[in-house]
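Novice: The file below is run_13.cif, mmCIF, C-alpha atoms:
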```cif
data_protein
#
loop_
_atom_site.label_atom_id
_atom_site.label_comp_id
_atom_site.auth_asym_id
_atom_site.auth_seq_id
_atom_site.Cartn_x
_atom_site.Cartn_y
_atom_site.Cartn_z
CA MET K 815 -1.67 -21.17 188.17
CA PRO K 816 1.73 -20.96 189.92
CA THR K 817 4.81 -21.66 187.83
CA THR K 818 6.66 -24.80 188.93
CA PRO K 819 9.70 -26.60 187.51
CA LYS K 820 7.31 -29.27 186.20
CA THR K 821 5.22 -26.81 184.19
CA LEU K 822 8.33 -25.01 182.96
CA VAL K 823 9.76 -28.28 181.71
CA ARG K 824 6.54 -29.23 179.94
CA HIS K 825 6.33 -25.91 178.09
CA SER K 826 10.00 -25.77 177.12
CA ILE K 827 10.65 -29.25 175.71
CA PRO K 828 12.61 -28.31 172.55
CA PHE K 829 14.81 -25.82 174.39
CA LEU K 830 15.54 -28.22 177.23
CA LEU K 831 16.39 -31.19 175.04
CA LEU K 832 18.78 -29.15 172.92
CA LEU K 833 20.42 -27.46 175.87
CA PHE K 834 20.81 -30.64 177.88
CA CYS K 835 22.25 -32.60 174.97
CA ALA K 836 24.55 -29.79 173.85
CA THR K 837 26.10 -29.39 177.27
CA ARG K 838 26.48 -32.99 178.43
CA SER K 839 26.26 -35.82 175.91
CA GLU K 840 27.83 -33.97 173.00
CA THR K 841 30.81 -32.80 175.02
CA ARG K 842 31.41 -36.23 176.54
CA SER K 843 31.12 -37.89 173.12
CA TYR K 844 33.61 -35.45 171.65
CA LEU K 845 36.11 -36.14 174.40
CA ARG K 846 35.72 -39.91 174.01
CA LEU K 847 36.12 -39.82 170.24
CA HIS K 848 38.88 -37.24 169.89
CA ALA K 849 41.05 -37.59 172.97
CA ASN K 850 42.70 -40.45 174.78
CA GLY K 851 42.39 -40.88 178.52
CA SER K 852 45.48 -38.88 179.49
CA GLU K 853 44.49 -35.95 177.27
CA THR K 854 40.98 -35.90 178.70
CA HIS K 855 42.38 -36.00 182.21
CA SER K 856 44.81 -33.23 181.35
CA LEU K 857 42.00 -31.01 180.05
CA LYS K 858 40.00 -31.65 183.22
CA GLU K 859 42.99 -30.72 185.37
CA LYS K 860 43.59 -27.53 183.41
CA GLY K 861 39.91 -26.61 183.72
CA ASP K 862 39.94 -27.31 187.46
CA ASP K 863 43.04 -25.13 187.88
CA LEU K 864 41.46 -22.32 185.87
CA PHE K 865 38.27 -22.18 187.93
CA ALA K 866 40.06 -22.63 191.25
CA LEU K 867 42.22 -19.59 190.49
CA TYR K 868 39.21 -17.61 189.28
CA ARG K 869 37.16 -18.42 192.39
CA GLY K 870 40.05 -17.32 194.58
CA THR K 871 40.37 -14.07 192.66
CA ILE K 872 36.65 -13.31 192.96
CA LEU K 873 36.54 -14.06 196.69
CA ALA K 874 39.26 -11.48 197.29
CA ASN K 875 37.73 -8.04 197.84
CA ASP K 876 34.41 -9.33 196.51
CA SER K 877 32.25 -6.42 197.67
CA LYS K 878 34.03 -3.93 195.41
CA ARG K 879 34.52 -6.19 192.41
CA LYS K 880 33.00 -5.26 189.06
CA LYS K 881 30.25 -7.60 187.84
CA ILE K 882 29.76 -8.69 184.23
CA ALA K 883 26.53 -10.46 183.31
CA TYR K 884 25.60 -12.66 180.39
CA THR K 885 22.15 -11.26 179.59
CA CYS K 886 19.33 -13.01 177.77
CA GLY K 887 15.86 -11.79 178.65
CA SER K 888 12.50 -11.30 177.01
CA GLY K 889 12.91 -9.31 173.80
CA ASP K 890 16.69 -9.72 173.65
CA LEU K 891 18.35 -11.01 170.48
CA CYS K 892 19.84 -14.10 172.10
CA GLY K 893 19.62 -16.44 169.11
CA GLY K 894 19.10 -20.18 169.38
CA VAL K 895 20.60 -22.54 171.94
CA GLY K 896 23.98 -22.68 170.20
CA ASP K 897 24.21 -18.89 170.00
CA ARG K 898 23.29 -18.57 173.67
CA LEU K 899 25.94 -21.04 174.78
CA LYS K 900 28.57 -19.30 172.66
CA GLY K 901 27.53 -15.92 174.05
CA PHE K 902 27.60 -17.33 177.57
CA ALA K 903 31.14 -18.69 177.14
CA SER K 904 32.38 -15.50 175.48
CA THR K 905 30.96 -13.34 178.26
CA PHE K 906 32.53 -15.53 180.92
CA VAL K 907 35.96 -15.27 179.29
CA LEU K 908 35.62 -11.49 179.11
CA ALA K 909 34.71 -11.37 182.81
CA LEU K 910 37.68 -13.61 183.57
CA LEU K 911 40.08 -11.36 181.66
CA LEU K 912 38.78 -8.27 183.46
CA ASP K 913 39.03 -9.93 186.89
CA ALA K 914 35.30 -9.24 187.18
CA GLU K 915 32.66 -11.40 188.80
CA PHE K 916 30.63 -13.33 186.24
CA VAL K 917 26.88 -13.37 186.86
CA VAL K 918 23.88 -14.46 184.78
CA GLU K 919 20.69 -12.73 183.63
CA TRP K 920 19.36 -15.64 181.52
CA THR K 921 15.59 -15.52 181.97
CA SER K 922 14.23 -16.29 178.48
CA PRO K 923 12.37 -18.45 177.65
CA VAL K 924 12.67 -19.49 181.31
CA PRO K 925 15.24 -18.82 184.06
CA ILE K 926 18.26 -21.01 183.43
CA ASP K 927 18.57 -21.94 187.10
CA SER K 928 15.20 -23.68 186.88
CA PHE K 929 17.01 -26.44 185.00
CA PHE K 930 20.68 -26.28 185.99
CA LYS K 931 22.31 -25.85 189.37
CA MET K 932 24.79 -23.17 188.42
CA PRO K 933 27.89 -22.25 190.45
CA VAL K 934 27.29 -18.56 189.80
CA MET K 935 24.85 -15.88 190.90
CA THR K 936 21.82 -15.92 188.61
CA ASN K 937 20.06 -12.89 190.08
CA GLY K 938 21.75 -10.56 187.62
CA GLU K 939 18.67 -8.39 187.20
CA GLY K 940 18.50 -7.64 190.90
CA LEU K 941 22.22 -6.90 191.08
CA ARG K 942 21.94 -4.58 188.09
CA LYS K 943 19.11 -2.62 189.68
CA SER K 944 21.12 -2.14 192.87
CA ALA K 945 24.31 -1.14 191.05
CA LYS K 946 25.53 2.44 191.33
CA ASN K 947 26.61 2.77 187.70
CA ALA K 948 25.33 -0.01 185.44
CA THR K 949 25.73 -0.09 181.68
CA THR K 950 24.92 -2.34 178.73
CA TRP K 951 27.15 -3.57 175.91
CA SER K 952 25.85 -5.45 172.87
CA LEU K 953 27.54 -7.29 170.04
CA ILE K 954 25.20 -9.43 167.95
CA ASP K 955 26.36 -11.63 165.05
CA ALA K 956 29.93 -10.34 165.31
CA HIS K 957 31.22 -13.43 163.50
CA SER K 958 29.96 -11.91 160.24
CA SER K 959 32.09 -8.77 160.54
CA SER K 960 35.89 -8.90 160.48
CA MET K 961 35.99 -5.24 161.56
CA GLU K 962 33.97 -5.98 164.69
CA LEU K 963 36.26 -8.91 165.53
CA LYS K 964 39.28 -6.65 165.13
CA LYS K 965 37.72 -4.21 167.59
CA LEU K 966 37.40 -7.02 170.13
CA ARG K 967 41.15 -7.55 169.98
CA MET K 968 41.98 -3.84 170.20
CA SER K 969 39.35 -2.26 172.49
CA ASN K 970 40.46 -1.19 175.94
CA PHE K 971 37.59 -2.67 177.94
CA ARG K 972 39.20 -1.73 181.25
CA GLU K 973 39.12 1.92 180.31
CA LEU K 974 35.70 1.67 178.66
CA TRP K 975 34.09 0.38 181.86
CA ARG K 976 36.39 1.98 184.42
CA SER K 977 33.53 3.78 186.19
CA ASN K 978 30.93 1.01 185.84
CA ASP K 979 30.25 -1.53 188.56
CA PHE K 980 27.83 -3.68 186.53
CA ILE K 981 27.91 -4.45 182.79
CA SER K 982 25.09 -6.34 181.07
CA ILE K 983 26.49 -8.12 178.02
CA HIS K 984 24.29 -9.02 175.04
CA LEU K 985 26.44 -11.36 172.98
CA ASN K 986 25.70 -14.38 170.79
CA GLY K 987 28.98 -15.28 169.11
CA ALA K 988 31.93 -17.60 169.69
CA VAL K 989 34.38 -14.73 170.14
CA TRP K 990 36.14 -15.69 173.37
CA ASN K 991 39.40 -16.30 171.48
CA HIS K 992 39.37 -12.67 170.30
CA PHE K 993 39.06 -11.50 173.90
CA VAL K 994 42.02 -13.73 174.80
CA MET K 995 44.04 -12.02 172.04
CA ASN K 996 43.06 -8.52 173.22
CA GLU K 997 46.25 -6.50 173.54
CA HIS K 998 45.05 -4.81 176.75
CA LEU K 999 44.19 -8.08 178.52
CA VAL K 1000 47.26 -10.18 177.78
CA ASP K 1001 48.51 -9.95 181.36
CA ILE K 1002 45.37 -11.57 182.78
CA GLY K 1003 45.38 -14.17 180.03
CA ASP K 1004 48.90 -15.09 181.13
CA LYS K 1005 47.78 -15.20 184.75
CA TYR K 1006 45.21 -17.87 183.87
CA SER K 1007 47.49 -19.56 181.30
CA LEU K 1008 44.77 -19.35 178.68
CA ASN K 1009 47.29 -20.16 175.97
CA ARG K 1010 47.11 -23.76 177.23
CA PHE K 1011 43.60 -24.08 175.80
CA SER K 1012 42.50 -24.32 172.20
CA LYS K 1013 39.36 -22.40 171.29
CA ARG K 1014 37.24 -25.54 171.53
CA GLN K 1015 38.85 -26.72 174.77
CA LEU K 1016 38.10 -23.42 176.48
CA PHE K 1017 34.47 -23.71 175.42
CA GLU K 1018 34.32 -27.27 176.73
CA VAL K 1019 35.66 -26.46 180.18
CA VAL K 1020 33.26 -23.52 180.55
CA MET K 1021 30.28 -25.67 179.54
CA LYS K 1022 31.32 -28.48 181.84
CA TYR K 1023 31.74 -26.16 184.81
CA TYR K 1024 28.45 -24.33 184.46
CA PHE K 1025 26.11 -26.90 182.90
CA SER K 1026 27.08 -30.27 184.38
CA THR K 1027 24.45 -30.44 187.13
CA PRO K 1028 20.83 -30.54 185.93
CA MET K 1029 18.07 -29.84 188.41
CA PRO K 1030 15.92 -32.91 189.26
CA ALA K 1031 12.99 -31.76 187.11
CA LEU K 1032 15.17 -31.56 184.01
CA GLN K 1033 17.08 -34.75 184.73
CA ASN K 1034 13.91 -36.78 185.25
CA PHE K 1035 12.31 -35.31 182.15
CA VAL K 1036 15.27 -36.15 179.90
CA VAL K 1037 15.41 -39.71 181.25
CA ARG K 1038 11.70 -40.19 180.51
CA GLU K 1039 11.95 -38.71 177.01
CA ALA K 1040 15.06 -40.73 176.17
CA ALA K 1041 13.27 -43.93 177.19
CA LYS K 1042 10.69 -43.33 174.45
CA PHE K 1043 13.35 -43.77 171.78
CA ARG K 1044 14.70 -47.08 173.04
#
```
For the structure just supplied, provide its representation as structure tokens.
Specialist:
Amino acid sequence: MPTTPKTLVRHSIPFLLLLFCATRSETRSYLRLHANGSETHSLKEKGDDLFALYRGTILANDSKRKKIAYTCGSGDLCGGVGDRLKGFASTFVLALLLDAEFVVEWTSPVPIDSFFKMPVMTNGEGLRKSAKNATTWSLIDAHSSSMELKKLRMSNFRELWRSNDFISIHLNGAVWNHFVMNEHLVDIGDKYSLNRFSKRQLFEVVMKYYFSTPMPALQNFVVREAAKFR
């Protein structure tokens, strides 16, 4: 039987409900409860400025730009939905700080672009296979190790991946703030004015940018399921 968005939705109900709620309703509720209108507008403007500058950077000399992929495939230690979203955000911030193009290899339990229209290339696996010098970097459950977190702030990632054109990242922690504090990446952090964002705000703008547009199959499913609880 061919796989369709409808069958994918039906077989992934818990994952979809958690992901959809975590990326839309929860964020909007947080902004309503903890920020007044001007602060919310200010955060939106800062997020818009951040992604506009990043898109412009990526479009320049795109063919030779290094690619960094958030990777979550079959057999990978991705964690639950929360861990995946934290790993996604952390990987994006690392790509941002390295002036690399952020791509996605999220295929487990189902391809993420089956449910969200994402403003990013999601064919990471194909890009990795066509890369001249691909590599993999993993950091799982780093939040439990202060030594690992210290390494994130001190490692010279530019030098580490100087010869690589594609890096698959396996990451499941909320460590983007440690990348921002990395002593070798301060110049790019200043370029994007990342000091304007708190840790939570940076997570919010990343989630809003990448997970705000559900595909019709997911949107219709959530509406139907929500109606059952009314």
Novice: Just the residues within 10 Å of range 977-981 of chain K, please, counting all atoms listed in the file, with nothing from its chain fewer than 4 positions along; format it as a list in words.
Specialist: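 Near neighbours after the sequence-gap exclusion: Lys878, Arg879, Lys880, Lys881, Ile882, Ala883, Tyr884, Thr885, Ala909, Ala914, Glu915, Phe916, Val917, Gly938, Leu941, Arg942, Lys943, Ser944, Ala945, Lys946, Asn947, Ala948, Thr949, Thr950, Trp951, Arg972 and Glu973 of chain K.
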Novice: Would you save the residues from that selection as a PDB file, in the frame of the given file, using C-alpha atoms?
Specialist:
```pdb
ATOM      1  CA  LYS K 878      34.030  -3.930 195.410  1.00  0.00           C
ATOM      2  CA  ARG K 879      34.520  -6.190 192.410  1.00  0.00           C
ATOM      3  CA  LYS K 880      33.000  -5.260 189.060  1.00  0.00           C
ATOM      4  CA  LYS K 881      30.250  -7.600 187.840  1.00  0.00           C
ATOM      5  CA  ILE K 882      29.760  -8.690 184.230  1.00  0.00           C
ATOM      6  CA  ALA K 883      26.530 -10.460 183.310  1.00  0.00           C
ATOM      7  CA  TYR K 884      25.600 -12.660 180.390  1.00  0.00           C
ATOM      8  CA  THR K 885      22.150 -11.260 179.590  1.00  0.00           C
ATOM      9  CA  ALA K 909      34.710 -11.370 182.810  1.00  0.00           C
ATOM     10  CA  ALA K 914      35.300  -9.240 187.180  1.00  0.00           C
ATOM     11  CA  GLU K 915      32.660 -11.400 188.800  1.00  0.00           C
ATOM     12  CA  PHE K 916      30.630 -13.330 186.240  1.00  0.00           C
ATOM     13  CA  VAL K 917      26.880 -13.370 186.860  1.00  0.00           C
ATOM     14  CA  GLY K 938      21.750 -10.560 187.620  1.00  0.00           C
ATOM     15  CA  LEU K 941      22.220  -6.900 191.080  1.00  0.00           C
ATOM     16  CA  ARG K 942      21.940  -4.580 188.090  1.00  0.00           C
ATOM     17  CA  LYS K 943      19.110  -2.620 189.680  1.00  0.00           C
ATOM     18  CA  SER K 944      21.120  -2.140 192.870  1.00  0.00           C
ATOM     19  CA  ALA K 945      24.310  -1.140 191.050  1.00  0.00           C
ATOM     20  CA  LYS K 946      25.530   2.440 191.330  1.00  0.00           C
ATOM     21  CA  ASN K 947      26.610   2.770 187.700  1.00  0.00           C
ATOM     22  CA  ALA K 948      25.330  -0.010 185.440  1.00  0.00           C
ATOM     23  CA  THR K 949      25.730  -0.090 181.680  1.00  0.00           C
ATOM     24  CA  THR K 950      24.920  -2.340 178.730  1.00  0.00           C
ATOM     25  CA  TRP K 951      27.150  -3.570 175.910  1.00  0.00           C
ATOM     26  CA  ARG K 972      39.200  -1.730 181.250  1.00  0.00           C
ATOM     27  CA  GLU K 973      39.120   1.920 180.310  1.00  0.00           C
TER      28      GLU K 973
END
```
Novice: Select, from K:Asn1034, K:Ser982, K:Ser856, K:Asn970, the residue with the minimum atom-to-atom distance to Leu953 in chain K, counting all atoms listed in the file.
Specialist: K:Ser982
Novice: Step by step, work through what the PyMOL selection byres ((chain K and resi 897) around 12) selects in the shown file, and finish by giving those residues as a PyMOL selection string.
Specialist: chain K and resi 832-833+836+886+891-896+898-904+954-957+984-989
Novice: So which one's closest to Phe906 in chain K, K:Ile872, K:Val918, K:Met1029, K:Val924? Using only C-alpha atoms, please.
Specialist: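 Closest residue, counting only C-alpha atoms: K:Val918.
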Novice: When the PyMOL selection byres ((chain K and resi 1007-1022) around 7) is applied to the structure above, which residues does it catch, written out as a count of residues only?
Specialist: 13
Novice: Rounded to one decimal in Å, what is the spacing between CA of Leu910 in chain K and CA of Pro925 in chain K?
Specialist: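 CA of Leu910 in chain K sits 23.0 Å away from CA of Pro925 in chain K.
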Novice: Residues near Thr1027 in chain K, anyone? I mean within 9 Å using only C-alpha atoms, not counting same-chain ones fewer than 6 positions away, as a list in words.
Specialist: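 Here the qualifying residues turn out to be Phe929, Phe930, Lys931, Met932 and Gln1033 of chain K.
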Novice: To one decimal in Å, tell me the separation between CA of Asp913 in chain K and CA of Leu857 in chain K.
Specialist: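 Calculated distance between CA of Asp913 in chain K and CA of Leu857 in chain K is 22.4 Å.
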Novice: Neighbours of Thr921 in chain K within 10 Å (only C-alpha atoms; same-chain residues fewer than 6 positions away dropped), as a list in words?
Specialist: Thr885, Cys886, Gly887, Ser888, Asp927, Ser928, Thr936, Asn937, Gly938 and Glu939 of chain K
Novice: Could you tell me how far CA of Ser952 in chain K sits from CA of Leu864 in chain K, in Å to one decimal place?
Specialist: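 Computing the Euclidean distance for CA of Leu864 in chain K and CA of Ser952 in chain K yields 26.4 Å.
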Novice: Evaluated on this file, the PyMOL selection byres ((chain K and resi 995) around 10) picks out some residues - which ones are they, written as a list in words?
Specialist: Lys964, Leu966, Arg967, Met968, Trp990, Asn991, His992, Phe993, Val994, Asn996, Glu997, His998, Leu999, Val1000, Gly1003, Leu1008 and Asn1009 of chain K
Novice: For the residues in that selection, give me C-alpha atoms as a short mmCIF file (atom, residue, chain, number, x, y, z; two decimals), keeping the file's coordinate frame.
Specialist:
```cif
data_model
loop_
_atom_site.label_atom_id
_atom_site.label_comp_id
_atom_site.auth_asym_id
_atom_site.auth_seq_id
_atom_site.Cartn_x
_atom_site.Cartn_y
_atom_site.Cartn_z
CA LYS K 964 39.28 -6.65 165.13
CA LEU K 966 37.40 -7.02 170.13
CA ARG K 967 41.15 -7.55 169.98
CA MET K 968 41.98 -3.84 170.20
CA TRP K 990 36.14 -15.69 173.37
CA ASN K 991 39.40 -16.30 171.48
CA HIS K 992 39.37 -12.67 170.30
CA PHE K 993 39.06 -11.50 173.90
CA VAL K 994 42.02 -13.73 174.80
CA ASN K 996 43.06 -8.52 173.22
CA GLU K 997 46.25 -6.50 173.54
CA HIS K 998 45.05 -4.81 176.75
CA LEU K 999 44.19 -8.08 178.52
CA VAL K 1000 47.26 -10.18 177.78
CA GLY K 1003 45.38 -14.17 180.03
CA LEU K 1008 44.77 -19.35 178.68
CA ASN K 1009 47.29 -20.16 175.97
#
```
Novice: Got a moment to write range 942-957 of chain K out with N, CA, C and O atoms, as a PDB file, in the first residue's frame?
Specialist:
```
ATOM      1  N   ARG K 942      23.847  14.865   1.594  1.00  0.00           N
ATOM      2  CA  ARG K 942      24.998  14.230   2.251  1.00  0.00           C
ATOM      3  C   ARG K 942      25.674  13.234   1.320  1.00  0.00           C
ATOM      4  O   ARG K 942      26.909  13.171   1.245  1.00  0.00           O
ATOM      5  N   LYS K 943      24.878  12.455   0.603  1.00  0.00           N
ATOM      6  CA  LYS K 943      25.442  11.444  -0.289  1.00  0.00           C
ATOM      7  C   LYS K 943      26.202  12.070  -1.453  1.00  0.00           C
ATOM      8  O   LYS K 943      27.142  11.472  -1.985  1.00  0.00           O
ATOM      9  N   SER K 944      25.795  13.273  -1.849  1.00  0.00           N
ATOM     10  CA  SER K 944      26.466  13.926  -2.972  1.00  0.00           C
ATOM     11  C   SER K 944      27.610  14.836  -2.525  1.00  0.00           C
ATOM     12  O   SER K 944      28.312  15.409  -3.357  1.00  0.00           O
ATOM     13  N   ALA K 945      27.806  14.961  -1.215  1.00  0.00           N
ATOM     14  CA  ALA K 945      28.870  15.820  -0.699  1.00  0.00           C
ATOM     15  C   ALA K 945      30.241  15.200  -0.977  1.00  0.00           C
ATOM     16  O   ALA K 945      30.392  13.982  -1.050  1.00  0.00           O
ATOM     17  N   LYS K 946      31.240  16.048  -1.113  1.00  0.00           N
ATOM     18  CA  LYS K 946      32.594  15.572  -1.376  1.00  0.00           C
ATOM     19  C   LYS K 946      33.275  15.079  -0.101  1.00  0.00           C
ATOM     20  O   LYS K 946      34.079  14.152  -0.132  1.00  0.00           O
ATOM     21  N   ASN K 947      32.973  15.730   1.015  1.00  0.00           N
ATOM     22  CA  ASN K 947      33.642  15.358   2.264  1.00  0.00           C
ATOM     23  C   ASN K 947      32.679  15.555   3.433  1.00  0.00           C
ATOM     24  O   ASN K 947      32.745  16.549   4.157  1.00  0.00           O
ATOM     25  N   ALA K 948      31.780  14.593   3.608  1.00  0.00           N
ATOM     26  CA  ALA K 948      30.775  14.669   4.671  1.00  0.00           C
ATOM     27  C   ALA K 948      31.317  14.056   5.960  1.00  0.00           C
ATOM     28  O   ALA K 948      32.174  13.168   5.936  1.00  0.00           O
ATOM     29  N   THR K 949      30.797  14.535   7.079  1.00  0.00           N
ATOM     30  CA  THR K 949      31.176  13.976   8.370  1.00  0.00           C
ATOM     31  C   THR K 949      29.973  14.014   9.303  1.00  0.00           C
ATOM     32  O   THR K 949      28.945  14.618   8.988  1.00  0.00           O
ATOM     33  N   THR K 950      30.108  13.366  10.444  1.00  0.00           N
ATOM     34  CA  THR K 950      29.035  13.296  11.435  1.00  0.00           C
ATOM     35  C   THR K 950      29.567  13.750  12.788  1.00  0.00           C
ATOM     36  O   THR K 950      30.710  13.444  13.154  1.00  0.00           O
ATOM     37  N   TRP K 951      28.731  14.475  13.515  1.00  0.00           N
ATOM     38  CA  TRP K 951      29.099  14.931  14.862  1.00  0.00           C
ATOM     39  C   TRP K 951      27.927  14.678  15.785  1.00  0.00           C
ATOM     40  O   TRP K 951      26.795  15.067  15.481  1.00  0.00           O
ATOM     41  N   SER K 952      28.175  14.018  16.913  1.00  0.00           N
ATOM     42  CA  SER K 952      27.099  13.648  17.836  1.00  0.00           C
ATOM     43  C   SER K 952      27.375  14.178  19.232  1.00  0.00           C
ATOM     44  O   SER K 952      28.516  14.165  19.710  1.00  0.00           O
ATOM     45  N   LEU K 953      26.311  14.633  19.872  1.00  0.00           N
ATOM     46  CA  LEU K 953      26.387  15.035  21.273  1.00  0.00           C
ATOM     47  C   LEU K 953      25.017  14.761  21.890  1.00  0.00           C
ATOM     48  O   LEU K 953      24.075  15.531  21.706  1.00  0.00           O
ATOM     49  N   ILE K 954      24.905  13.655  22.588  1.00  0.00           N
ATOM     50  CA  ILE K 954      23.631  13.215  23.148  1.00  0.00           C
ATOM     51  C   ILE K 954      23.631  13.422  24.661  1.00  0.00           C
ATOM     52  O   ILE K 954      24.593  13.070  25.346  1.00  0.00           O
ATOM     53  N   ASP K 955      22.543  14.008  25.159  1.00  0.00           N
ATOM     54  CA  ASP K 955      22.370  14.254  26.598  1.00  0.00           C
ATOM     55  C   ASP K 955      23.513  15.081  27.183  1.00  0.00           C
ATOM     56  O   ASP K 955      24.000  14.818  28.283  1.00  0.00           O
ATOM     57  N   ALA K 956      23.919  16.111  26.450  1.00  0.00           N
ATOM     58  CA  ALA K 956      25.026  16.955  26.914  1.00  0.00           C
ATOM     59  C   ALA K 956      24.658  17.742  28.161  1.00  0.00           C
ATOM     60  O   ALA K 956      25.533  18.137  28.928  1.00  0.00           O
ATOM     61  N   HIS K 957      23.356  17.966  28.383  1.00  0.00           N
ATOM     62  CA  HIS K 957      22.936  18.766  29.530  1.00  0.00           C
ATOM     63  C   HIS K 957      23.329  18.125  30.859  1.00  0.00           C
ATOM     64  O   HIS K 957      23.321  18.782  31.895  1.00  0.00           O
TER      65      HIS K 957
END
```
